Protein chains: 2
Amino acid sequence: MPVAPLETYFVMKKSILKKLRSIVGRKHCTDSETDLICYSYDATNLRYMPDAVVFPETMEEVAAIMRLANEERFPVIPRGAGTGMTGGALAIKGGVVMGMTRMNKIVRVDEENMIAEAEPGVITGDFQKAVESKGFFYPPDPSSAAYSTIGGNVAECAGGALAVKYGVTKDYVLGLSVVLPTGDRIHTGVETTKGVAGYDMTRLMVGSEGTLGIITKIVLRLLPLPETVCTMTAVFDHIEDAARTVSVIIRSGIIPRTLEYMDRSAIQCAESYLNIGLPTDIGAILLIETDGPREMAETEISKLCTLCLSHGARSVQKAKTPKEAHDLWKARKAISPALFKLNPDKINEDIVVPRSKIPDLVKKIDTLRNETGLTMVSFGHAGDGNIHFNIMLDKSRKSDLEKANAAVEALFKYTVELGGTISGEHGIGITKLPFLRLEMSEAEIDLMRRIKKAFDPNNILNPGKIFPG
Amino acid sequence: MPVAPLETYFVMKKSILKKLRSIVGRKHCTDSETDLICYSYDATNLRYMPDAVVFPETMEEVAAIMRLANEERFPVIPRGAGTGMTGGALAIKGGVVMGMTRMNKIVRVDEENMIAEAEPGVITGDFQKAVESKGFFYPPDPSSAAYSTIGGNVAECAGGALAVKYGVTKDYVLGLSVVLPTGDRIHTGVETTKGVAGYDMTRLMVGSEGTLGIITKIVLRLLPLPETVCTMTAVFDHIEDAARTVSVIIRSGIIPRTLEYMDRSAIQCAESYLNIGLPTDIGAILLIETDGPREMAETEISKLCTLCLSHGARSVQKAKTPKEAHDLWKARKAISPALFKLNPDKINEDIVVPRSKIPDLVKKIDTLRNETGLTMVSFGHAGDGNIHFNIMLDKSRKSDLEKANAAVEALFKYTVELGGTISGEHGIGITKLPFLRLEMSEAEIDLMRRIKKAFDPNNILNPGKIFPG
């Protein structure tokens with residue numbers, strides 16, 4: 001079960017609450033326990049009670065709140081939909097959670113220049129649909145897209161299954177409006193592909209996990225909607241063959257839109273949940289999509305079928321209709337919910353290695369599984385080397401928890417040795433903070449601290465995240 | 001003619017020269033006047049004499065020089081090939097120019113993971129050829145590619161003609177090795193598409209114009225080499241039709257590889273230089289390329305021919321052979337050298353507006369031309385709204401120079417009003433520094449100053465660039 005906060009560092013004076021209410025209006029600021037509980041957790045299952053939750057509607061209100069926070073020195077924690085996996089939206093030192101949900105307008109879709117402007121609280125899935133209805137494509141597609149917000153996606157630099165061809169959130173953010181922790185308002189970036197006036201503040205903000213400023217508007221680049229998407233799966237007897245085929249595919253000159261991977265445990269798990277006759281005696285399955293002009297996408301998917309068969313696939317299956325494509329995705333999408341059938345608790349880590357190292361990573365996971373006897377499931381975005389590694393366990397069994405934690409640390413170390421990173425798209429937050437030194441030197445962490453100070457001299461914006469102190 | 005420095009802020013002690021020589025070896029450090037003159041200028045035609053020039057070979061040597069610079073408080077100015085257009089490599093306060101030319105190895109081309117690692121002194125064109133020979137494509141292609149360096153390209157975030165489809169340098173830099181101004185060594189970024197551990201220091205370094213750190217190694221993302229490139233030109237009677245067609249093309253869902261534009265003055269200028277029978281009674285020419293699988297690229301270029309004709313083009317021409325494509329490019333490539341036939345001095349500004357605003361920009365240039373009576377030539381990367389605007393004049397005619405400067409300022413103001421930027425790919429350096437406030441607020445400039453301080457507490461690395469003091 002979720003743990004309660006050990007300590008609330010900041011306890012709010014009633015006078016502050018009054019001032020907050022005068023900024024946003026009484027009904028947009030709450031300190032009732034029921035409300036606070038709703039904003040005390042995120043997708044990590046950890047819990048920290050804030051002192052208040054406030055819902056600003058304008059950049060001016062955000063700025064006024066930040067100025068007050070500086071005067072009174074209380075922590076402010078910006079929050080989108082709370083779907084973060086590493087604790088970025090948790091009020092670990094108490095203070096005020098700033099819910100961005102009222103700032104939820106798509107300000108404009110500029111068809112001629114193929115850009116859109118959105119407030120941070122817009123749901124990513126809604127945004128995708130809105131631009132699709134005008135013939136455009138916004139590729140970043142985290143699994144949480146149906147409920148996570150664009151602002152949260154920018155703060156965490158969300159990725160997803162399409163990154164292998166289309167990159168991640170940072171590749172689509174052209175400019176931002178930001179309220180600095182000091183209350184100053186700035187605009188970063190441009191509305192054009194090119195633009196080099198001054199330091200790249202836009203990219204510095206993206207992925208800064210709500211520690212450098214509060215994003216109040218986002219200018220995003222759009223692409224033309226691809227004409228077709230083609231979908232296929234390839235079933236491999238041996239996981240190593242599947243892993244090696246990933247590199248072969250990319251090296252072939254065809255960059256698929258998605259290149260997803262599921263290991264045997266993942267498939268078994270999905271099958272026990274769905275009962276649709278998935279083959280469970282296998283090594284791994286690759287799920288691959290191409291897109292673009294119809295003829296090109298179809299030629300490419302056929303080439304990839306042949307290529308998989310000549311690199312160890314037992315069978316391949318190409319979707320002939322959108323319905324068939326949807327069925328091929330069913331297993332992949334069922335894995336996450338299905339995992340809890342195995343055991344009540346999940347440790348879910350998001351690591352990345354260079355594509356060519358996926359076979360090594362796969363072997364390492366096998367070794368760890370054998371050594372610990374724990375249930376380990378891996379799946380994810382193999383095309384960009386991004387593997388979601390899960391340990392399903394009952395955390396109340398202390399020895400299992402200890403073994404699991406040791407396995408995670410061993411896997412992180414090995415990932416960094418392979419030239420990879422401990423976080424592909426979930427951020428560092430608080431859950432990966434203890435492992436940051438595996439990847440970064442003291443000089444690198446010190447530099448981040450100095451940058452944080454340049455933005456936030458009083459350390460009031462989302463303090464205690466990413467790096468120690 | 002080049003101007004001499006008004007003042008050398010720092011005058012070097014002989015003891016420092018001795019220490020520099022002990023770090024890099026006697027023959028890699030010079031203070032002879034002849035040598036210093038060679039490193040006193042860049043493509044701006046301004047001149048500032050450094051006190052010494054030093055050529056390190058390793059990251060360790062770079063770090064030792066920076067530690068010494070901190071002890072003795074002398075400026076260090078990193079320099080690639082000196083092709084910068086805004087004075088980024090000029091020793092405006094004296095000090096030591098650090099030439100990166102000895103660090104010129106392509107460390108590796110990792111074919112499986114489609115990345116390459118290069119030292120900063122590698123010539124961009126050499127790098128492009130090296131990866132092409134292995135079937136890969138490095139798209140950033142500044143006009144200076146034949147002699148500028150990858151390190152300089154990263155420091156300035158170089159663009160070029162392919163940005164409309166492929167983006168600019170920042171879109172290809174995955175990771176960096178950097179010596180901080182303090183002498184600390186850091187590594188930024190990852191070798192994978194995804195990676196969100198900590199702040200995005202890589203992107204902060206890219207385009208920081210050598211003010212935040214000295215880049216000693218660069219990890220770059222590569223693409224598969226496109227199968228075909230198709231080339232066409234479209235001649236328009238009216239420049240406004242050409243400008244409008246740019247938006248229509250992009251909106252059609254086809255993203256061309258290049259979409260270049262030349263106005264009548266540019267064509268006349270090229271013709272007087274080349275004498276190849278270019279039509280000089282025109283409004284403008286668009287030069288367009290598509291690339292990708294052969295069939296797709298060919299279909300697309302045919303569609304674009306039709307589209308240009310139906311939007312006001314007098315004629316279109318499609319290259320049937322590489323030789324014909326080369327001929328179509330001839331005029332575009334001749335413009336820059338040909339300009340000096342018109343007048344001895346060039347003011348060359350690099351502005352960007354949202355594509356849909358190009359017609360407005362074109363009109364404004366016409367007005368300025370009529371008002372001042374000066375020779376103005378515009379051409380450039382219309383596909384991404386990046387227009388190179390040139391005034392050819394004799395700077396010794398004081399009244400012409402004054403009119404030209406006023407026209408540049410008026411154009412910058414209008415560009416920003418249109419939602420554009422005063423620098424698409426040349427940086428701010430010192431030549432655009434007086435105009436930075438047209439685009440950025442005091443709060444934004446102050447934040448840059450604080451970031452500069454977080455990296456460079458003693459302000460010794462390339463001081464006086466980008467923003468005032």
# chains A, B, ... in the order shown; residues from 1 in each chain; ligands from 1
call {"tool": "residues_around", "arguments": {"residues": "Pro120 in chain A", "least_positions_apart": "6", "cutoff": "7 Å", "atoms": "only C-alpha atoms", "output": "PyMOL selection string"}}
result
chain A and resi 100+103-104+149-151+215-218
call {"tool": "residues_around", "arguments": {"residues": "range 130-137 of chain A", "least_positions_apart": "4", "cutoff": "7 Å", "atoms": "only C-alpha atoms", "output": "list in words"}}
result
Asp126, Leu222, Leu223, Pro224 and Leu225 of chain A
call {"tool": "atom_distance", "arguments": {"atom1": "CA of Glu442 in chain A", "atom2": "CA of Ile466 in chain A"}}
result
13.5 Å
call {"tool": "closest_residue", "arguments": {"among": "A:Ala325, A:Lys363, A:Ile276, A:Ala234", "to": "Gly312 in chain A", "atoms": "only C-alpha atoms"}}
result
A:Ala234
call {"tool": "select_by_dssp", "arguments": {"residues": "range 96-153 of chain A", "states": "strand (DSSP E or B)", "output": "number ranges by chain"}}
result
A: 96-99, 106-110, 115-118, 123, 136-137, 141, 149
call {"tool": "write_last_selection", "arguments": {"atoms": "all heavy atoms", "output": "compact mmCIF listing (two decimals), in the first residue's frame"}}
result
# COMPACT_ATOMS: atom_id res chain seq x y z
N VAL A 96 2.45 23.69 -1.85
CA VAL A 96 1.26 23.87 -2.67
C VAL A 96 1.39 23.15 -4.00
O VAL A 96 2.32 23.40 -4.76
CB VAL A 96 1.02 25.38 -2.92
CG1 VAL A 96 -0.13 25.60 -3.89
CG2 VAL A 96 0.77 26.10 -1.60
N VAL A 97 0.48 22.23 -4.26
CA VAL A 97 0.42 21.61 -5.58
C VAL A 97 -0.33 22.56 -6.51
O VAL A 97 -1.40 23.07 -6.16
CB VAL A 97 -0.30 20.24 -5.51
CG1 VAL A 97 -0.71 19.77 -6.91
CG2 VAL A 97 0.61 19.21 -4.85
N MET A 98 0.30 22.85 -7.67
CA MET A 98 -0.36 23.71 -8.65
C MET A 98 -0.91 22.85 -9.77
O MET A 98 -0.16 22.38 -10.63
CB MET A 98 0.64 24.74 -9.19
CG MET A 98 -0.02 25.79 -10.08
SD MET A 98 1.15 26.93 -10.87
CE MET A 98 1.63 27.96 -9.49
N GLY A 99 -2.22 22.64 -9.74
CA GLY A 99 -2.87 21.82 -10.77
C GLY A 99 -3.10 22.66 -12.02
O GLY A 99 -3.68 23.74 -11.93
N ILE A 106 -6.69 24.60 -26.44
CA ILE A 106 -5.86 24.58 -27.64
C ILE A 106 -6.02 25.97 -28.25
O ILE A 106 -7.09 26.32 -28.74
CB ILE A 106 -6.29 23.48 -28.62
CG1 ILE A 106 -6.11 22.11 -27.96
CG2 ILE A 106 -5.48 23.57 -29.92
CD1 ILE A 106 -6.59 20.95 -28.79
N VAL A 107 -5.00 26.79 -28.15
CA VAL A 107 -5.13 28.21 -28.48
C VAL A 107 -5.32 28.40 -29.98
O VAL A 107 -6.12 29.19 -30.42
CB VAL A 107 -3.91 29.00 -27.97
CG1 VAL A 107 -4.06 30.48 -28.26
CG2 VAL A 107 -3.71 28.75 -26.48
N ARG A 108 -4.54 27.63 -30.78
CA ARG A 108 -4.70 27.75 -32.24
C ARG A 108 -4.00 26.59 -32.92
O ARG A 108 -3.05 26.01 -32.38
CB ARG A 108 -4.10 29.06 -32.75
CG ARG A 108 -2.60 29.14 -32.53
CD ARG A 108 -2.03 30.53 -32.84
NE ARG A 108 -0.68 30.59 -32.27
CZ ARG A 108 0.43 30.77 -32.99
NH1 ARG A 108 0.38 30.94 -34.29
NH2 ARG A 108 1.61 30.80 -32.39
N VAL A 109 -4.50 26.25 -34.09
CA VAL A 109 -3.79 25.34 -34.99
C VAL A 109 -3.53 26.16 -36.24
O VAL A 109 -4.47 26.54 -36.94
CB VAL A 109 -4.61 24.08 -35.31
CG1 VAL A 109 -3.87 23.19 -36.29
CG2 VAL A 109 -4.94 23.30 -34.03
N ASP A 110 -2.27 26.49 -36.50
CA ASP A 110 -1.89 27.34 -37.63
C ASP A 110 -1.56 26.40 -38.79
O ASP A 110 -0.47 25.83 -38.87
CB ASP A 110 -0.69 28.19 -37.21
CG ASP A 110 -0.14 29.04 -38.35
OD1 ASP A 110 -0.46 28.77 -39.52
OD2 ASP A 110 0.63 29.96 -38.06
N ILE A 115 1.95 24.58 -37.15
CA ILE A 115 2.25 24.61 -35.73
C ILE A 115 0.95 24.72 -34.95
O ILE A 115 -0.09 25.11 -35.50
CB ILE A 115 3.19 25.77 -35.34
CG1 ILE A 115 2.59 27.12 -35.76
CG2 ILE A 115 4.56 25.60 -35.96
CD1 ILE A 115 3.43 28.31 -35.34
N ALA A 116 1.00 24.38 -33.68
CA ALA A 116 -0.17 24.55 -32.82
C ALA A 116 0.30 25.11 -31.50
O ALA A 116 1.46 24.94 -31.11
CB ALA A 116 -0.88 23.21 -32.60
N GLU A 117 -0.61 25.80 -30.84
CA GLU A 117 -0.29 26.39 -29.54
C GLU A 117 -1.30 25.86 -28.54
O GLU A 117 -2.51 25.91 -28.79
CB GLU A 117 -0.38 27.91 -29.66
CG GLU A 117 0.25 28.65 -28.50
CD GLU A 117 0.20 30.17 -28.70
OE1 GLU A 117 0.22 30.62 -29.87
OE2 GLU A 117 0.12 30.87 -27.69
N ALA A 118 -0.81 25.35 -27.43
CA ALA A 118 -1.71 24.75 -26.45
C ALA A 118 -1.32 25.18 -25.05
O ALA A 118 -0.15 25.44 -24.77
CB ALA A 118 -1.68 23.23 -26.55
N ILE A 123 -5.24 17.63 -22.61
CA ILE A 123 -4.95 16.20 -22.62
C ILE A 123 -4.26 15.85 -23.95
O ILE A 123 -4.75 16.25 -25.02
CB ILE A 123 -6.25 15.37 -22.49
CG1 ILE A 123 -7.03 15.74 -21.23
CG2 ILE A 123 -5.95 13.86 -22.54
CD1 ILE A 123 -6.40 15.39 -19.93
N PHE A 136 -3.29 16.83 -39.64
CA PHE A 136 -1.93 16.89 -39.10
C PHE A 136 -1.66 15.76 -38.13
O PHE A 136 -2.57 15.06 -37.68
CB PHE A 136 -1.69 18.23 -38.42
CG PHE A 136 -1.73 19.38 -39.37
CD1 PHE A 136 -2.77 20.30 -39.33
CD2 PHE A 136 -0.75 19.53 -40.33
CE1 PHE A 136 -2.83 21.35 -40.23
CE2 PHE A 136 -0.79 20.57 -41.24
CZ PHE A 136 -1.83 21.49 -41.18
N PHE A 137 -0.40 15.65 -37.78
CA PHE A 137 0.08 14.51 -37.01
C PHE A 137 1.00 15.06 -35.92
O PHE A 137 1.96 15.79 -36.21
CB PHE A 137 0.85 13.61 -37.98
CG PHE A 137 1.45 12.36 -37.40
CD1 PHE A 137 0.82 11.66 -36.38
CD2 PHE A 137 2.65 11.86 -37.90
CE1 PHE A 137 1.38 10.50 -35.86
CE2 PHE A 137 3.21 10.70 -37.40
CZ PHE A 137 2.58 10.02 -36.38
N ASP A 141 3.69 9.96 -28.34
CA ASP A 141 2.53 9.13 -28.01
C ASP A 141 2.80 8.25 -26.79
O ASP A 141 2.83 7.03 -26.88
CB ASP A 141 2.21 8.25 -29.23
CG ASP A 141 0.86 7.56 -29.09
OD1 ASP A 141 -0.03 8.12 -28.44
OD2 ASP A 141 0.73 6.45 -29.64
N THR A 149 -1.25 15.08 -19.70
CA THR A 149 -1.37 16.40 -20.31
C THR A 149 -0.13 16.75 -21.11
O THR A 149 0.97 16.26 -20.84
CB THR A 149 -1.56 17.49 -19.23
OG1 THR A 149 -0.38 17.53 -18.41
CG2 THR A 149 -2.78 17.22 -18.37
call {"tool": "closest_atom_pairs", "arguments": {"of": "chain A", "to": "chain B", "cutoff": "7 Å", "atoms": "only C-alpha atoms", "output": "CSV"}}
result
residue,atom,partner,partner_atom,distance
A:Glu112,CA,B:Ser356,CA,6.0
A:Asn113,CA,B:Arg355,CA,5.9
A:Cys157,CA,B:Val196,CA,7.0
A:Gly167,CA,B:Thr193,CA,6.6
A:Asp184,CA,B:Ala443,CA,6.7
A:Ile186,CA,B:Glu444,CA,5.9
A:Val190,CA,B:Gly420,CA,6.9
A:Glu191,CA,B:Pro354,CA,6.6
A:Thr192,CA,B:Pro354,CA,5.8
A:Thr193,CA,B:Asp384,CA,6.2
A:Lys194,CA,B:Gly424,CA,4.8
A:Gly195,CA,B:Gly424,CA,4.2
A:Val196,CA,B:Gly427,CA,5.5
A:Ala197,CA,B:Ser423,CA,5.7
A:Gly198,CA,B:Ile466,CA,6.3
A:Tyr199,CA,B:Ser208,CA,5.5
A:Asp200,CA,B:Leu204,CA,5.4
A:Arg203,CA,B:Arg203,CA,6.0
A:Leu204,CA,B:Asp200,CA,5.4
A:Gly207,CA,B:Val196,CA,6.3
A:Ser208,CA,B:Tyr199,CA,5.5
A:Pro224,CA,B:Gly253,CA,5.2
A:Ser247,CA,B:Glu112,CA,6.1
A:Arg251,CA,B:Glu112,CA,6.2
A:Gly253,CA,B:Pro224,CA,5.2
A:Pro354,CA,B:Thr192,CA,5.9
A:Arg355,CA,B:Asn113,CA,5.9
A:Ser356,CA,B:Glu112,CA,6.0
A:Asp384,CA,B:Thr193,CA,6.2
A:Gly419,CA,B:Glu191,CA,7.0
A:Gly420,CA,B:Val190,CA,6.9
A:Thr421,CA,B:Gly195,CA,6.2
A:Ser423,CA,B:Val196,CA,5.7
A:Gly424,CA,B:Gly195,CA,4.2
A:Glu425,CA,B:Val196,CA,5.9
A:Gly427,CA,B:Val196,CA,5.5
A:Ile428,CA,B:Ala197,CA,6.0
A:Ala443,CA,B:Asp184,CA,6.7
A:Glu444,CA,B:Ile186,CA,5.9
A:Met448,CA,B:Tyr199,CA,6.8
A:Arg450,CA,B:Ala454,CA,5.3
A:Ile451,CA,B:Ala454,CA,6.0
A:Ala454,CA,B:Arg450,CA,5.3
A:Ile466,CA,B:Gly198,CA,6.3
call {"tool": "residues_around", "arguments": {"residues": "Pro322 in chain B", "least_positions_apart": "6", "cutoff": "9 Å", "atoms": "only C-alpha atoms", "output": "ChimeraX atom specification"}}
result
/B:229-231
call {"tool": "write_last_selection", "arguments": {"atoms": "C-alpha atoms", "output": "mmCIF file, in the first residue's frame"}}
result
data_model
loop_
_atom_site.group_PDB
_atom_site.id
_atom_site.type_symbol
_atom_site.label_atom_id
_atom_site.label_comp_id
_atom_site.auth_asym_id
_atom_site.auth_seq_id
_atom_site.Cartn_x
_atom_site.Cartn_y
_atom_site.Cartn_z
ATOM 1 C CA VAL B 229 17.175 13.053 -54.932
ATOM 2 C CA CYS B 230 14.949 14.796 -57.535
ATOM 3 C CA THR B 231 15.492 18.427 -58.472
#
call {"tool": "atom_distance", "arguments": {"atom1": "CA of Arg397 in chain B", "atom2": "CA of Tyr39 in chain B"}}
result
28.5 Å
call {"tool": "residues_around", "arguments": {"residues": "Glu260 in chain A", "least_positions_apart": "5", "cutoff": "8 Å", "atoms": "only C-alpha atoms", "output": "ChimeraX atom specification"}}
result
/A:161,286-288,379-383
call {"tool": "residues_around", "arguments": {"residues": "Lys341 in chain B", "least_positions_apart": "4", "cutoff": "9 Å", "atoms": "only C-alpha atoms", "output": "list in words"}}
result
Cys269, Ser272, Tyr273 and Pro337 of chain B
call {"tool": "atom_distance", "arguments": {"atom1": "CA of Arg332 in chain A", "atom2": "CA of Pro359 in chain A"}}
result
20.1 Å
call {"tool": "select_by_dssp", "arguments": {"residues": "range 215-356 of chain B", "states": "helix (DSSP H, G or I)", "output": "number ranges by chain"}}
result
B: 239-251, 264-274, 294-309, 322-339, 355-356
call {"tool": "write_last_selection", "arguments": {"atoms": "C-alpha atoms", "output": "mmCIF file, in the first residue's frame"}}
result
data_model
loop_
_atom_site.group_PDB
_atom_site.id
_atom_site.type_symbol
_atom_site.label_atom_id
_atom_site.label_comp_id
_atom_site.auth_asym_id
_atom_site.auth_seq_id
_atom_site.Cartn_x
_atom_site.Cartn_y
_atom_site.Cartn_z
ATOM 1 C CA ILE B 239 7.611 37.289 -56.410
ATOM 2 C CA GLU B 240 4.405 37.263 -54.327
ATOM 3 C CA ASP B 241 3.194 34.169 -56.209
ATOM 4 C CA ALA B 242 6.487 32.410 -55.497
ATOM 5 C CA ALA B 243 6.270 33.367 -51.837
ATOM 6 C CA ARG B 244 2.691 32.120 -51.576
ATOM 7 C CA THR B 245 3.529 28.867 -53.362
ATOM 8 C CA VAL B 246 6.045 28.034 -50.617
ATOM 9 C CA SER B 247 3.220 27.710 -48.090
ATOM 10 C CA VAL B 248 1.024 25.848 -50.553
ATOM 11 C CA ILE B 249 3.755 23.263 -51.129
ATOM 12 C CA ILE B 250 4.290 22.493 -47.464
ATOM 13 C CA ARG B 251 0.547 22.458 -46.834
ATOM 14 C CA ARG B 264 15.129 38.877 -59.333
ATOM 15 C CA SER B 265 18.201 40.760 -58.080
ATOM 16 C CA ALA B 266 19.750 37.483 -56.974
ATOM 17 C CA ILE B 267 19.161 35.904 -60.387
ATOM 18 C CA GLN B 268 20.431 38.960 -62.254
ATOM 19 C CA CYS B 269 23.465 38.917 -60.077
ATOM 20 C CA ALA B 270 24.118 35.205 -60.710
ATOM 21 C CA GLU B 271 23.598 35.669 -64.452
ATOM 22 C CA SER B 272 26.052 38.556 -64.722
ATOM 23 C CA TYR B 273 28.581 36.285 -62.986
ATOM 24 C CA LEU B 274 27.874 33.041 -64.836
ATOM 25 C CA ARG B 294 12.944 6.508 -56.090
ATOM 26 C CA GLU B 295 9.297 6.121 -56.942
ATOM 27 C CA MET B 296 8.092 8.301 -54.079
ATOM 28 C CA ALA B 297 10.587 11.095 -54.757
ATOM 29 C CA GLU B 298 9.708 11.108 -58.466
ATOM 30 C CA THR B 299 5.961 11.130 -57.844
ATOM 31 C CA GLU B 300 6.383 13.977 -55.398
ATOM 32 C CA ILE B 301 8.518 16.149 -57.699
ATOM 33 C CA SER B 302 5.980 15.707 -60.507
ATOM 34 C CA LYS B 303 3.173 16.752 -58.170
ATOM 35 C CA LEU B 304 5.189 19.817 -57.156
ATOM 36 C CA CYS B 305 5.744 20.789 -60.810
ATOM 37 C CA THR B 306 1.997 20.724 -61.377
ATOM 38 C CA LEU B 307 1.372 22.590 -58.166
ATOM 39 C CA CYS B 308 3.818 25.396 -59.066
ATOM 40 C CA LEU B 309 2.261 25.767 -62.521
ATOM 41 C CA PRO B 322 22.516 14.525 -61.880
ATOM 42 C CA LYS B 323 24.305 16.820 -64.354
ATOM 43 C CA GLU B 324 21.043 18.665 -65.030
ATOM 44 C CA ALA B 325 20.388 18.930 -61.292
ATOM 45 C CA HIS B 326 23.861 20.362 -60.833
ATOM 46 C CA ASP B 327 23.109 22.972 -63.495
ATOM 47 C CA LEU B 328 19.886 23.955 -61.764
ATOM 48 C CA TRP B 329 21.863 24.558 -58.565
ATOM 49 C CA LYS B 330 24.500 26.635 -60.345
ATOM 50 C CA ALA B 331 22.625 29.921 -60.066
ATOM 51 C CA ARG B 332 21.816 29.405 -56.387
ATOM 52 C CA LYS B 333 25.417 28.622 -55.544
ATOM 53 C CA ALA B 334 26.794 31.549 -57.576
ATOM 54 C CA ILE B 335 24.802 34.208 -55.728
ATOM 55 C CA SER B 336 27.097 34.689 -52.743
ATOM 56 C CA PRO B 337 30.352 35.120 -54.704
ATOM 57 C CA ALA B 338 28.545 37.103 -57.440
ATOM 58 C CA LEU B 339 27.231 39.667 -54.993
ATOM 59 C CA ARG B 355 6.450 30.527 -43.867
ATOM 60 C CA SER B 356 3.047 32.144 -44.313
#
call {"tool": "closest_residue", "arguments": {"among": "B:Pro139, B:Gly121, B:Pro344, B:Gly94", "to": "Thr58 in chain B", "atoms": "only C-alpha atoms"}}
result
B:Gly121
